[in-house]
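Listing of model-v3.cif, mmCIF, C-alpha atoms
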```
data_protein
loop_
_atom_site.group_PDB
_atom_site.id
_atom_site.type_symbol
_atom_site.label_atom_id
_atom_site.label_comp_id
_atom_site.auth_asym_id
_atom_site.auth_seq_id
_atom_site.Cartn_x
_atom_site.Cartn_y
_atom_site.Cartn_z
ATOM 1 C CA MET P 100 -19.140 48.257 -63.649
ATOM 2 C CA SER P 101 -21.436 49.597 -66.343
ATOM 3 C CA ALA P 102 -20.911 52.906 -68.108
ATOM 4 C CA SER P 103 -24.206 54.259 -66.776
ATOM 5 C CA SER P 104 -23.154 53.661 -63.161
ATOM 6 C CA ILE P 105 -19.799 55.361 -63.782
ATOM 7 C CA PHE P 106 -21.532 58.547 -64.932
ATOM 8 C CA THR P 107 -24.414 58.313 -62.472
ATOM 9 C CA ARG P 108 -22.303 58.232 -59.309
ATOM 10 C CA PRO P 109 -20.488 61.573 -59.922
ATOM 11 C CA ALA P 110 -23.826 63.116 -60.830
ATOM 12 C CA ARG P 111 -25.307 61.995 -57.524
ATOM 13 C CA LEU P 112 -22.304 63.278 -55.602
ATOM 14 C CA ALA P 113 -22.587 66.612 -57.410
ATOM 15 C CA ALA P 114 -26.280 66.779 -56.459
ATOM 16 C CA ILE P 115 -25.414 66.170 -52.790
ATOM 17 C CA ALA P 116 -22.744 68.897 -52.699
ATOM 18 C CA PRO P 117 -25.179 71.889 -52.498
ATOM 19 C CA TYR P 118 -27.012 70.261 -49.593
ATOM 20 C CA LEU P 119 -23.748 69.675 -47.735
ATOM 21 C CA TRP P 120 -22.772 73.285 -48.389
ATOM 22 C CA MET P 121 -26.090 74.570 -47.022
ATOM 23 C CA ALA P 122 -25.894 72.289 -43.994
ATOM 24 C CA LEU P 123 -22.341 73.339 -43.163
ATOM 25 C CA PHE P 124 -22.575 77.075 -43.769
ATOM 26 C CA PHE P 125 -26.257 77.768 -43.044
ATOM 27 C CA LEU P 126 -27.920 75.096 -40.936
ATOM 28 C CA VAL P 127 -25.097 74.578 -38.415
ATOM 29 C CA PRO P 128 -24.578 78.335 -37.745
ATOM 30 C CA PHE P 129 -28.344 78.781 -37.518
ATOM 31 C CA VAL P 130 -28.542 76.085 -34.833
ATOM 32 C CA PHE P 131 -25.896 77.938 -32.811
ATOM 33 C CA VAL P 132 -27.763 81.240 -33.180
ATOM 34 C CA LEU P 133 -31.044 79.567 -32.229
ATOM 35 C CA LYS P 134 -29.467 78.098 -29.103
ATOM 36 C CA ILE P 135 -28.084 81.506 -28.061
ATOM 37 C CA SER P 136 -31.510 83.086 -28.665
ATOM 38 C CA LEU P 137 -32.987 80.697 -26.095
ATOM 39 C CA SER P 138 -30.339 81.553 -23.499
ATOM 40 C CA GLN P 139 -30.117 84.356 -20.928
ATOM 41 C CA THR P 140 -27.750 87.295 -20.846
ATOM 42 C CA ALA P 141 -24.824 87.006 -18.431
ATOM 43 C CA ILE P 142 -21.753 89.053 -17.549
ATOM 44 C CA ALA P 143 -19.347 86.348 -18.595
ATOM 45 C CA GLN P 144 -17.439 85.026 -21.568
ATOM 46 C CA PRO P 145 -19.391 84.077 -23.633
ATOM 47 C CA PRO P 146 -22.040 86.587 -22.460
ATOM 48 C CA TYR P 147 -24.916 84.128 -22.060
ATOM 49 C CA THR P 148 -25.982 81.100 -20.056
ATOM 50 C CA PRO P 149 -26.283 78.174 -20.161
ATOM 51 C CA VAL P 150 -23.171 77.040 -22.039
ATOM 52 C CA PHE P 151 -23.182 73.400 -23.072
ATOM 53 C CA ASP P 152 -20.192 71.509 -21.723
ATOM 54 C CA PHE P 153 -20.316 67.938 -22.986
ATOM 55 C CA THR P 154 -17.513 66.905 -20.624
ATOM 56 C CA GLU P 155 -19.714 67.404 -17.541
ATOM 57 C CA GLY P 156 -21.947 64.466 -18.307
ATOM 58 C CA LEU P 157 -25.517 63.837 -19.382
ATOM 59 C CA GLU P 158 -27.153 65.402 -16.326
ATOM 60 C CA ALA P 159 -25.424 68.733 -16.902
ATOM 61 C CA ILE P 160 -26.547 68.735 -20.515
ATOM 62 C CA LYS P 161 -30.136 68.001 -19.478
ATOM 63 C CA ALA P 162 -29.994 70.881 -16.978
ATOM 64 C CA ALA P 163 -28.667 73.198 -19.688
ATOM 65 C CA PHE P 164 -31.534 72.264 -22.005
ATOM 66 C CA ALA P 165 -34.029 72.831 -19.178
ATOM 67 C CA ALA P 166 -32.635 76.345 -18.652
ATOM 68 C CA LEU P 167 -33.481 77.413 -22.213
ATOM 69 C CA SER P 168 -36.516 79.681 -22.604
ATOM 70 C CA VAL P 169 -38.375 81.823 -25.123
ATOM 71 C CA ASP P 170 -38.236 84.984 -22.993
ATOM 72 C CA ASN P 171 -36.126 86.810 -25.566
ATOM 73 C CA PHE P 172 -38.736 86.232 -28.270
ATOM 74 C CA LYS P 173 -41.443 87.506 -25.934
ATOM 75 C CA LEU P 174 -39.357 90.652 -25.406
ATOM 76 C CA LEU P 175 -39.133 91.264 -29.147
ATOM 77 C CA PHE P 176 -42.905 91.350 -29.543
ATOM 78 C CA SER P 177 -43.474 93.463 -26.431
ATOM 79 C CA ASP P 178 -40.861 96.169 -27.050
ATOM 80 C CA ASP P 179 -41.692 98.908 -29.570
ATOM 81 C CA LEU P 180 -38.006 99.329 -30.447
ATOM 82 C CA TYR P 181 -37.805 95.955 -32.148
ATOM 83 C CA ILE P 182 -41.269 96.102 -33.700
ATOM 84 C CA LEU P 183 -40.582 99.513 -35.226
ATOM 85 C CA SER P 184 -37.174 98.334 -36.452
ATOM 86 C CA TYR P 185 -38.775 95.411 -38.279
ATOM 87 C CA LEU P 186 -41.516 97.598 -39.732
ATOM 88 C CA ARG P 187 -39.070 100.268 -40.878
ATOM 89 C CA SER P 188 -36.834 97.644 -42.486
ATOM 90 C CA LEU P 189 -39.768 96.146 -44.387
ATOM 91 C CA VAL P 190 -41.033 99.557 -45.516
ATOM 92 C CA VAL P 191 -37.568 100.645 -46.673
ATOM 93 C CA ALA P 192 -37.095 97.348 -48.508
ATOM 94 C CA VAL P 193 -40.485 97.574 -50.264
ATOM 95 C CA VAL P 194 -39.997 101.212 -51.293
ATOM 96 C CA SER P 195 -36.401 100.655 -52.418
ATOM 97 C CA THR P 196 -37.309 97.539 -54.407
ATOM 98 C CA SER P 197 -40.157 99.430 -56.106
ATOM 99 C CA ILE P 198 -37.787 102.259 -57.076
ATOM 100 C CA LEU P 199 -35.205 99.755 -58.292
ATOM 101 C CA LEU P 200 -37.816 98.017 -60.451
ATOM 102 C CA ALA P 201 -39.037 101.331 -61.894
ATOM 103 C CA ILE P 202 -35.463 102.311 -62.824
ATOM 104 C CA GLY P 203 -34.032 98.903 -63.653
ATOM 105 C CA TYR P 204 -36.771 97.627 -65.949
ATOM 106 C CA PRO P 205 -36.389 100.341 -68.639
ATOM 107 C CA ILE P 206 -32.591 99.950 -68.523
ATOM 108 C CA ALA P 207 -32.798 96.166 -68.891
ATOM 109 C CA TYR P 208 -35.420 96.516 -71.635
ATOM 110 C CA GLY P 209 -33.186 98.923 -73.533
ATOM 111 C CA MET P 210 -30.172 96.632 -73.111
ATOM 112 C CA ALA P 211 -32.132 93.662 -74.471
ATOM 113 C CA ARG P 212 -33.105 95.674 -77.571
ATOM 114 C CA LEU P 213 -29.539 96.760 -78.382
ATOM 115 C CA PRO P 214 -27.563 95.064 -81.177
ATOM 116 C CA ARG P 215 -25.668 91.990 -79.995
ATOM 117 C CA GLY P 216 -22.334 93.770 -80.116
ATOM 118 C CA TRP P 217 -23.509 96.585 -77.864
ATOM 119 C CA GLN P 218 -25.245 94.352 -75.331
ATOM 120 C CA SER P 219 -21.913 93.152 -73.938
ATOM 121 C CA VAL P 220 -20.766 96.772 -73.632
ATOM 122 C CA ALA P 221 -23.929 97.713 -71.757
ATOM 123 C CA MET P 222 -23.512 94.671 -69.504
ATOM 124 C CA MET P 223 -19.962 95.743 -68.718
ATOM 125 C CA LEU P 224 -21.122 99.250 -67.794
ATOM 126 C CA VAL P 225 -23.630 97.755 -65.354
ATOM 127 C CA ILE P 226 -21.010 95.500 -63.738
ATOM 128 C CA VAL P 227 -18.175 98.062 -63.559
ATOM 129 C CA PRO P 228 -19.287 99.539 -60.170
ATOM 130 C CA PHE P 229 -18.696 96.114 -58.586
ATOM 131 C CA TRP P 230 -14.989 96.520 -59.314
ATOM 132 C CA THR P 231 -14.809 99.193 -56.615
ATOM 133 C CA SER P 232 -15.138 98.411 -52.930
ATOM 134 C CA PHE P 233 -18.666 98.781 -51.581
ATOM 135 C CA LEU P 234 -17.501 100.965 -48.669
ATOM 136 C CA ILE P 235 -15.507 103.224 -50.960
ATOM 137 C CA ARG P 236 -18.596 103.851 -53.078
ATOM 138 C CA ILE P 237 -20.704 104.698 -50.022
ATOM 139 C CA TYR P 238 -18.048 107.065 -48.674
ATOM 140 C CA ALA P 239 -17.913 108.677 -52.108
ATOM 141 C CA TRP P 240 -21.628 109.446 -51.769
ATOM 142 C CA ILE P 241 -20.927 110.961 -48.344
ATOM 143 C CA ASN P 242 -18.449 113.332 -49.970
ATOM 144 C CA ILE P 243 -20.960 114.188 -52.689
ATOM 145 C CA LEU P 244 -23.898 114.764 -50.333
ATOM 146 C CA GLN P 245 -22.160 116.509 -47.435
ATOM 147 C CA HIS P 246 -22.769 120.188 -46.609
ATOM 148 C CA ASP P 247 -19.943 121.486 -48.819
ATOM 149 C CA GLY P 248 -19.975 118.508 -51.174
ATOM 150 C CA LEU P 249 -20.089 118.328 -54.929
ATOM 151 C CA LEU P 250 -23.897 118.274 -55.182
ATOM 152 C CA ASN P 251 -24.385 121.456 -53.167
ATOM 153 C CA GLN P 252 -21.571 123.173 -55.047
ATOM 154 C CA ILE P 253 -23.243 122.415 -58.378
ATOM 155 C CA LEU P 254 -26.657 123.551 -57.125
ATOM 156 C CA LEU P 255 -25.188 126.797 -55.794
ATOM 157 C CA ALA P 256 -23.227 127.403 -59.005
ATOM 158 C CA LEU P 257 -26.405 126.966 -61.058
ATOM 159 C CA HIS P 258 -28.314 129.257 -58.646
ATOM 160 C CA LEU P 259 -30.881 126.527 -58.041
ATOM 161 C CA VAL P 260 -30.585 126.990 -54.271
ATOM 162 C CA SER P 261 -29.561 129.975 -52.174
ATOM 163 C CA ALA P 262 -28.001 127.939 -49.365
ATOM 164 C CA PRO P 263 -26.530 124.428 -49.068
ATOM 165 C CA VAL P 264 -29.192 121.750 -48.728
ATOM 166 C CA VAL P 265 -29.027 119.109 -46.013
ATOM 167 C CA TRP P 266 -28.724 115.780 -47.791
ATOM 168 C CA LEU P 267 -26.828 113.586 -45.342
ATOM 169 C CA SER P 268 -28.568 111.902 -42.394
ATOM 170 C CA THR P 269 -31.867 111.816 -44.264
ATOM 171 C CA ASP P 270 -34.027 109.068 -45.704
ATOM 172 C CA SER P 271 -33.464 110.523 -49.174
ATOM 173 C CA ALA P 272 -29.728 109.904 -48.900
ATOM 174 C CA MET P 273 -30.364 106.384 -47.634
ATOM 175 C CA TYR P 274 -32.687 105.532 -50.528
ATOM 176 C CA LEU P 275 -30.201 107.040 -52.975
ATOM 177 C CA GLY P 276 -27.404 104.879 -51.581
ATOM 178 C CA ILE P 277 -29.525 101.734 -51.597
ATOM 179 C CA VAL P 278 -30.782 102.243 -55.162
ATOM 180 C CA TYR P 279 -27.269 103.013 -56.396
ATOM 181 C CA SER P 280 -25.776 99.948 -54.679
ATOM 182 C CA TYR P 281 -28.453 97.402 -55.593
ATOM 183 C CA LEU P 282 -29.399 98.531 -59.102
ATOM 184 C CA PRO P 283 -27.209 95.918 -60.871
ATOM 185 C CA PHE P 284 -28.950 93.154 -58.886
ATOM 186 C CA MET P 285 -32.234 94.290 -60.420
ATOM 187 C CA ILE P 286 -30.972 94.907 -63.947
ATOM 188 C CA LEU P 287 -29.126 91.632 -64.529
ATOM 189 C CA PRO P 288 -32.026 89.170 -63.906
ATOM 190 C CA LEU P 289 -34.385 91.369 -65.914
ATOM 191 C CA TYR P 290 -31.931 91.591 -68.793
ATOM 192 C CA ALA P 291 -31.383 87.815 -68.758
ATOM 193 C CA THR P 292 -35.128 87.259 -69.075
ATOM 194 C CA LEU P 293 -35.828 89.961 -71.660
ATOM 195 C CA ALA P 294 -32.854 88.997 -73.849
ATOM 196 C CA LYS P 295 -34.254 85.463 -74.290
ATOM 197 C CA MET P 296 -37.625 86.702 -75.489
ATOM 198 C CA ASP P 297 -38.479 85.838 -79.092
ATOM 199 C CA PRO P 298 -39.013 89.053 -81.159
ATOM 200 C CA ALA P 299 -41.481 87.114 -83.311
ATOM 201 C CA LEU P 300 -43.991 87.287 -80.457
ATOM 202 C CA LEU P 301 -44.103 91.086 -80.672
ATOM 203 C CA GLU P 302 -44.332 90.921 -84.459
ATOM 204 C CA ALA P 303 -47.294 88.567 -84.150
ATOM 205 C CA ALA P 304 -48.973 90.903 -81.662
ATOM 206 C CA SER P 305 -48.430 93.807 -84.058
ATOM 207 C CA ASP P 306 -49.867 91.824 -86.961
ATOM 208 C CA LEU P 307 -52.954 91.143 -84.851
ATOM 209 C CA GLY P 308 -53.483 94.865 -84.380
ATOM 210 C CA ALA P 309 -51.919 95.457 -80.965
ATOM 211 C CA SER P 310 -50.249 98.800 -80.412
ATOM 212 C CA PRO P 311 -46.652 98.809 -79.054
ATOM 213 C CA ALA P 312 -47.894 99.721 -75.577
ATOM 214 C CA ARG P 313 -50.571 97.014 -75.624
ATOM 215 C CA ALA P 314 -48.080 94.444 -76.922
ATOM 216 C CA PHE P 315 -45.722 95.341 -74.082
ATOM 217 C CA TRP P 316 -48.337 94.824 -71.351
ATOM 218 C CA LEU P 317 -49.870 91.708 -72.917
ATOM 219 C CA VAL P 318 -46.694 89.978 -74.163
ATOM 220 C CA THR P 319 -43.401 91.429 -72.920
ATOM 221 C CA PHE P 320 -44.232 92.176 -69.302
ATOM 222 C CA PRO P 321 -45.957 88.839 -68.502
ATOM 223 C CA LEU P 322 -43.052 86.916 -70.020
ATOM 224 C CA SER P 323 -40.571 88.964 -67.985
ATOM 225 C CA LEU P 324 -42.255 88.250 -64.638
ATOM 226 C CA PRO P 325 -39.702 85.548 -63.672
ATOM 227 C CA GLY P 326 -36.951 88.153 -64.040
ATOM 228 C CA VAL P 327 -39.017 90.687 -62.089
ATOM 229 C CA ALA P 328 -39.490 88.202 -59.248
ATOM 230 C CA ALA P 329 -35.819 87.186 -59.218
ATOM 231 C CA GLY P 330 -34.608 90.798 -59.230
ATOM 232 C CA ALA P 331 -37.093 91.790 -56.523
ATOM 233 C CA LEU P 332 -35.917 88.952 -54.265
ATOM 234 C CA LEU P 333 -32.238 89.681 -54.899
ATOM 235 C CA CYS P 334 -32.842 93.268 -53.785
ATOM 236 C CA PHE P 335 -35.561 92.967 -51.144
ATOM 237 C CA ILE P 336 -33.923 90.298 -48.966
ATOM 238 C CA PRO P 337 -30.520 91.969 -48.422
ATOM 239 C CA ILE P 338 -32.086 95.438 -48.114
ATOM 240 C CA VAL P 339 -34.201 94.270 -45.153
ATOM 241 C CA GLY P 340 -31.040 93.418 -43.227
ATOM 242 C CA GLU P 341 -28.952 96.311 -44.589
ATOM 243 C CA PHE P 342 -26.683 97.944 -42.009
ATOM 244 C CA VAL P 343 -23.903 99.944 -43.675
ATOM 245 C CA ILE P 344 -25.965 102.259 -45.897
ATOM 246 C CA PRO P 345 -28.560 103.282 -43.260
ATOM 247 C CA ASP P 346 -25.831 103.717 -40.655
ATOM 248 C CA LEU P 347 -23.690 105.990 -42.857
ATOM 249 C CA LEU P 348 -26.280 107.883 -44.881
ATOM 250 C CA ALA P 349 -29.507 107.867 -42.844
ATOM 251 C CA GLY P 350 -30.321 109.567 -39.577
ATOM 252 C CA SER P 351 -30.081 107.798 -36.240
ATOM 253 C CA TYR P 352 -33.599 108.753 -35.123
ATOM 254 C CA SER P 353 -35.136 105.604 -36.595
ATOM 255 C CA LEU P 354 -33.175 102.357 -36.768
ATOM 256 C CA MET P 355 -33.478 99.464 -39.179
ATOM 257 C CA ILE P 356 -33.209 95.934 -37.842
ATOM 258 C CA GLY P 357 -29.601 95.599 -39.048
ATOM 259 C CA GLN P 358 -28.585 98.588 -36.926
ATOM 260 C CA THR P 359 -30.554 97.231 -33.970
ATOM 261 C CA LEU P 360 -28.744 93.899 -34.240
ATOM 262 C CA TRP P 361 -25.385 95.702 -34.277
ATOM 263 C CA LEU P 362 -26.254 97.678 -31.169
ATOM 264 C CA GLU P 363 -27.417 94.599 -29.283
ATOM 265 C CA PHE P 364 -24.398 92.517 -30.227
ATOM 266 C CA PHE P 365 -21.549 95.029 -29.929
ATOM 267 C CA THR P 366 -22.813 97.849 -27.710
ATOM 268 C CA ASN P 367 -25.236 96.234 -25.266
ATOM 269 C CA LYS P 368 -23.466 92.840 -25.426
ATOM 270 C CA ASP P 369 -26.907 91.228 -25.315
ATOM 271 C CA TRP P 370 -26.252 88.250 -27.554
ATOM 272 C CA PRO P 371 -29.438 86.305 -26.694
ATOM 273 C CA VAL P 372 -31.789 89.158 -27.643
ATOM 274 C CA ALA P 373 -29.766 89.922 -30.771
ATOM 275 C CA SER P 374 -29.842 86.250 -31.769
ATOM 276 C CA ALA P 375 -33.603 86.120 -31.222
ATOM 277 C CA ALA P 376 -34.006 89.198 -33.442
ATOM 278 C CA ALA P 377 -31.867 87.530 -36.122
ATOM 279 C CA VAL P 378 -33.962 84.350 -35.985
ATOM 280 C CA VAL P 379 -37.203 86.317 -36.375
ATOM 281 C CA LEU P 380 -35.660 88.264 -39.269
ATOM 282 C CA LEU P 381 -34.772 85.001 -41.006
ATOM 283 C CA LEU P 382 -38.305 83.696 -40.561
ATOM 284 C CA LEU P 383 -39.696 86.927 -42.038
ATOM 285 C CA LEU P 384 -37.455 86.586 -45.073
ATOM 286 C CA LEU P 385 -38.556 82.991 -45.638
ATOM 287 C CA ALA P 386 -42.055 84.222 -46.542
ATOM 288 C CA PRO P 387 -41.132 85.849 -49.906
ATOM 289 C CA LEU P 388 -38.884 82.887 -50.753
ATOM 290 C CA LEU P 389 -41.689 80.410 -50.153
ATOM 291 C CA LEU P 390 -44.067 82.592 -52.175
ATOM 292 C CA TYR P 391 -41.574 82.707 -55.048
ATOM 293 C CA ASP P 392 -41.109 78.940 -54.921
ATOM 294 C CA ARG P 393 -44.885 78.425 -55.005
ATOM 295 C CA LEU P 394 -45.251 80.709 -58.025
ATOM 296 C CA GLN P 395 -42.455 78.853 -59.805
ATOM 297 C CA ARG P 396 -44.154 75.528 -59.163
ATOM 298 C CA ARG P 397 -47.438 76.853 -60.539
ATOM 299 C CA GLN P 398 -45.709 78.084 -63.697
ATOM 300 C CA LEU P 399 -44.079 74.699 -64.211
ATOM 301 C CA GLU P 400 -47.403 72.928 -63.757
ATOM 302 C CA ALA P 401 -49.095 75.330 -66.177
ATOM 303 C CA ALA P 402 -46.324 74.766 -68.737
ATOM 304 C CA ARG P 403 -46.908 71.022 -68.566
#
```
Here is a file; write its structure as structure tokens.
Amino acid sequence: MSASSIFTRPARLAAIAPYLWMALFFLVPFVFVLKISLSQTAIAQPPYTPVFDFTEGLEAIKAAFAALSVDNFKLLFSDDLYILSYLRSLVVAVVSTSILLAIGYPIAYGMARLPRGWQSVAMMLVIVPFWTSFLIRIYAWINILQHDGLLNQILLALHLVSAPVVWLSTDSAMYLGIVYSYLPFMILPLYATLAKMDPALLEAASDLGASPARAFWLVTFPLSLPGVAAGALLCFIPIVGEFVIPDLLAGSYSLMIGQTLWLEFFTNKDWPVASAAAVVLLLLLLAPLLLYDRLQRRQLEAAR
């Protein structure tokens, strides 16, 4: 056996491992969810029909396949509840991601311009919130924003307001919680991109007569676009399906799709409709991923 084959075989096995992982933990569960989405609700255990029983023979399996339908998907596009939930989720995700980019970019830019010794300290300060449980941090914001919470006490003490302000159960509280929770996911990709940028490029732009602002928009920002795209995807995709923050901090008058899925699964026990909503949500989230992949391919082709 040659030395090249000894080293090539482990490399091939290592390349197969991510595909096996995706097949086992993504594709197989997705097939189950897709099957449930094509079923009908039933007062039974599990709460849907048909249920495949491979011990009943081929004819029973064929009958089960024939009983599958797309009625649940038709319901999603005919009921305003689901349409508005999708639209609200997309709007909240777009607005939150825009706020995160507006806040995260200056922080990442400042971190990348710090001396090497201080960059690790700044990185640690960004990561420290992850050491505390996500739920604990959200409940801490509830205590801060409640009627007699810390925020209202400070505002009253400074005579900025004459009466406690209603913060909880509002969209403002929801956006605050989302931005606070997802800000590190925006900062870290941006910092990784900006930190690798060669300072000589800005010096060359300055020597050619570009002002600092013009050099930023013509040199720094275009080179940081991969980090912008990565941070936007890392924030946008989970925010669309966010459940905990809207449920605890926002009002119940307008639901996001994550809350709608929870209600269908655990309150209404309508697993087929909830599964159909989850499948449509996944298909919606594939669009930005495919767009990102296409942009990456174009950049690679341009670099060649």
*Residue among P:Pro387, P:Lys173, P:Gln398, P:Phe131 lying closest to P:Pro321, counting only C-alpha atoms*: P:Gln398
_Closest of P:Leu234, P:Leu137, P:Ile142, P:Val191 to P:Phe164 - atom-to-atom distances counting all atoms listed in the file_ = P:Leu137
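Evaluating the PyMOL selection byres ((chain P and resi 271) around 12) against the shown model yields Val191, Val194, Ser195, Leu244, Val265, Trp266, Leu267, Ser268, Thr269, Asp270, Ala272, Met273, Tyr274, Leu275, Gly276, Ile277, Val278, Ile344, Pro345, Leu348, Ala349 and Gly350 of chain P.
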Store the residues picked out above, limited to C-alpha atoms, as a PDB file, in the coordinates of the input.
```pdb
ATOM      1  CA  VAL P 191     -37.568 100.645 -46.673  1.00  0.00           C
ATOM      2  CA  VAL P 194     -39.997 101.212 -51.293  1.00  0.00           C
ATOM      3  CA  SER P 195     -36.401 100.655 -52.418  1.00  0.00           C
ATOM      4  CA  LEU P 244     -23.898 114.764 -50.333  1.00  0.00           C
ATOM      5  CA  VAL P 265     -29.027 119.109 -46.013  1.00  0.00           C
ATOM      6  CA  TRP P 266     -28.724 115.780 -47.791  1.00  0.00           C
ATOM      7  CA  LEU P 267     -26.828 113.586 -45.342  1.00  0.00           C
ATOM      8  CA  SER P 268     -28.568 111.902 -42.394  1.00  0.00           C
ATOM      9  CA  THR P 269     -31.867 111.816 -44.264  1.00  0.00           C
ATOM     10  CA  ASP P 270     -34.027 109.068 -45.704  1.00  0.00           C
ATOM     11  CA  ALA P 272     -29.728 109.904 -48.900  1.00  0.00           C
ATOM     12  CA  MET P 273     -30.364 106.384 -47.634  1.00  0.00           C
ATOM     13  CA  TYR P 274     -32.687 105.532 -50.528  1.00  0.00           C
ATOM     14  CA  LEU P 275     -30.201 107.040 -52.975  1.00  0.00           C
ATOM     15  CA  GLY P 276     -27.404 104.879 -51.581  1.00  0.00           C
ATOM     16  CA  ILE P 277     -29.525 101.734 -51.597  1.00  0.00           C
ATOM     17  CA  VAL P 278     -30.782 102.243 -55.162  1.00  0.00           C
ATOM     18  CA  ILE P 344     -25.965 102.259 -45.897  1.00  0.00           C
ATOM     19  CA  PRO P 345     -28.560 103.282 -43.260  1.00  0.00           C
ATOM     20  CA  LEU P 348     -26.280 107.883 -44.881  1.00  0.00           C
ATOM     21  CA  ALA P 349     -29.507 107.867 -42.844  1.00  0.00           C
ATOM     22  CA  GLY P 350     -30.321 109.567 -39.577  1.00  0.00           C
TER      23      GLY P 350
END
```
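When only C-alpha atoms are used to measure the gap to P:Val327, the shortest distance among P:Leu382, P:Ile206, P:Leu200, P:Ala211 belongs to P:Leu200.
Every protein or nucleic acid residue with an atom no more than 8 Å from P:Thr148, counting all atoms listed in the file and leaving out same-chain residues fewer than 2 positions away, appears here: P:Ser138, P:Gln139, P:Thr140, P:Ala141, P:Pro146, P:Val150.
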